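Down below is the structure, laid out as structure tokens.
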There are 2 protein chains.
Amino acid sequence: MYELFFQSFADKKIILTLEEKEMIRKYLTPKKLRKKQYLLQEGDICKTIAFVEKGALREYSIDENGAEHIIQFAIEGWTISDLFSFLTGEAATYNIDALEDSELVLISKSANEELLQRFHKYETYTRLQITGAYLAMQKRLNSINTLTIEERYLDFTTIYPNITQRVPQHMIASYMGLQPETLSRIRRKISVSK
Amino acid sequence: MYELFFQSFADKKIILTLEEKEMIRKYLTPKKLRKKQYLLQEGDICKTIAFVEKGALREYSIDENGAEHIIQFAIEGWTISDLFSFLTGEAATYNIDALEDSELVLISKSANEELLQRFHKYETYTRLQITGAYLAMQKRLNSINTLTIEERYLDFTTIYPNITQRVPQHMIASYMGLQPETLSRIRRKISVSK
DNA sequence: AAAAGGCATTGATCTGAATCAATGGTTTTT
DNA sequence: AAAAACCATTGATTCAGATCAATGCCTTTT
């Protein structure tokens, strides 16, 4: 259990002994989520960071017109949370729900704090994790300003080839800040030119 | 010297003794930059993280049409770098230059690595720093998808009231992903409605 | 098995931002 | 002090993506 979670330490060159894994394991809680089930709703306080062992989730905000805007997908190996709410204890501005039946590893606020204090490698893990997330988001922001929509979609399909198969197209449009009709037309354009 | 730099530790509730400050100071290099001078050019390898003690800088990419796209401003108390290039040693994709005569504190790659290894509080500082940057960027990305341009500009002026006075308007347009003409019209619209 | 709901696609039209162009003011250079 | 470069603003026009609308397919519900 928690294979992928521990794998994500190894991916960052953080080597854990069996004892260390045992120790960390005590701070973790497994959780299964059915498709369409919420992990977090806007207004609630985000109590956990979730690591995805299996399945797929989305994080999104809802604007004043009731439209959803997806800011992140999370599949196997990804971490998802309303980090601002988690860290500050303020009401969440994002919703998180499952796009497929999913298996998560949850880290509570107290678990996170204790792990950070007591276990140096966990702080390093956290630092590398957030650094990677920062760089990915910076790249995404830059793509929005410098690339055409076609290029951005092709980028998306190469970076997340799996998600394209698993997630409805209108959600990819939402992630890209487009209307579903627009993404449909972009895809047609691309398929014609090939 | 380095007042603001050490202040940014205190802001994060990281208390440093005089001895610790002395120790850190040995890893830092001061640098002055004239207005319009480059700190980093696309294609070079980013050798340092820069903390701004005084002045203002911008970080931007240049697209295939030669247009500039500003992804970040940095004024007093901010940190600026092409983090991807710094961490991987690959060629930088961003340019950084000074918008005013500026005074920086530079942290080299080796200094960063040694500080991370030898001084736990520095790793914590780094972690909190990148976490704040991540949250700010996430908020910015969400604003792009959920707010009108007017709202985004008003947000910008409240979050960075100083930058508005110090930076040419067309650069703020670039940061927002707009044409200068469009931002000018938005501003007129806002001033009329008040 | 039938009905309902969700989804991708396509067409027609509208609209907000980009583009092109000109002007006057301000700052920088010489 | 004059010339040059830079910049914000305004007007006219264009265009890409949004919106409105309809259709057929597929999946889920009953």
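Following the order of the structure tokens, chains are lettered A, B, ..., residues in each are numbered from 1, and ligands are numbered from 1.
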Note to self: Please extract the residues of segment 32-127 of chain B with a backbone DSSP assignment of strand (DSSP E) and present them as number ranges by chain.
What the structure shows: B: 32-33, 38-40, 48-54, 56-62, 68-75, 79-80, 95-98, 102-108
Do you have, as a Markdown table, the list of residues of chain C lying at most 12 Å from chain A, each with its nearest atom pair and that distance in Å to one decimal, counting only C-alpha atoms (C1' of nucleotides) and ordered by chain then number?
| residue | atom | partner | partner_atom | distance |
| --- | --- | --- | --- | --- |
| C:DG6 | C1' | A:Pro168 | CA | 10.4 |
| C:DC7 | C1' | A:Pro168 | CA | 8.2 |
| C:DA8 | C1' | A:Ser184 | CA | 7.2 |
| C:DT9 | C1' | A:Ser184 | CA | 7.1 |
| C:DT10 | C1' | A:Arg185 | CA | 8.9 |
| C:DG11 | C1' | A:Glu181 | CA | 11.4 |
Item checked: B:Ala56, B:Ile172, B:Ile62, B:Leu104 ranked by distance to chain A, top pick (using only C-alpha atoms) -> B:Ile62
Show me a table, sorted first by chain and then by increasing residue number, of the residues of chain A having an atom at most 9 Å from chain D, each with its shortest atom pair and the distance in Å to one decimal, counting only C-alpha atoms (C1' of nucleotides) and written as JSON lines.
{"residue": "A:Leu178", "atom": "CA", "partner": "D:DG17", "partner_atom": "C1'", "distance": 8.3}
{"residue": "A:Gln179", "atom": "CA", "partner": "D:DA18", "partner_atom": "C1'", "distance": 7.3}
{"residue": "A:Thr182", "atom": "CA", "partner": "D:DG17", "partner_atom": "C1'", "distance": 6.9}
Counting only C-alpha atoms, chain B residues within 8 Å of chain A, as a compact mmCIF listing (two decimals) with C-alpha atoms, in the first residue's frame:
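The resulting iface_3.txt:
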# COMPACT_ATOMS: atom_id res chain seq x y z
CA SER B 61 9.90 35.81 -22.42
CA ASP B 63 7.77 34.94 -28.51
CA HIS B 69 5.56 38.80 -22.33
CA ILE B 71 5.65 36.99 -16.30
CA LEU B 83 14.20 28.96 -11.38
CA PHE B 84 14.04 26.16 -13.93
CA GLU B 123 15.48 25.06 3.78
CA THR B 124 12.37 26.06 5.71
CA THR B 126 13.03 28.34 0.87
CA ARG B 127 10.03 26.09 1.26
CA ILE B 130 8.22 28.93 -2.97
CA THR B 131 4.90 28.05 -1.37
CA ALA B 133 5.00 32.16 -4.89
CA TYR B 134 2.95 29.13 -5.89
CA LEU B 135 -0.18 30.40 -4.16
CA MET B 137 0.52 32.38 -9.16
CA GLN B 138 -2.42 30.06 -8.64
CA LEU B 141 -4.23 31.97 -13.01
CA ASN B 142 -7.67 31.66 -11.46
CA ASN B 145 -10.31 32.54 -15.95
CA THR B 146 -12.95 33.97 -13.62
CA GLY B 177 -1.60 39.56 -21.47
Next item on the list: Identify all residues of chain A in helix (DSSP H, G or I) (DSSP on the backbone) and supply them as a VMD selection string.
Entry: chain A and resid 3 to 11 18 to 25 83 to 88 109 to 118 120 to 146 149 to 159 161 to 166 169 to 176 180 to 192
Check: Which residues, written as a count of residues only, have at least one atom at most 10 Å from Phe6 of chain B, with only C-alpha atoms (C1' of nucleotides) counted and residues fewer than 3 positions away on the same chain left out?
Finding: 13
Next item on the list: Rounded to one decimal place, report the atom CA of Tyr153 of chain A-atom CA of Thr93 of chain B distance in Å.
Entry: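 Distance between the two atoms: 20.6 Å.
If you look at atom CA of Lys13 of chain A and atom CA of Ile107 of chain A, they are 21.1 Å away from each other.
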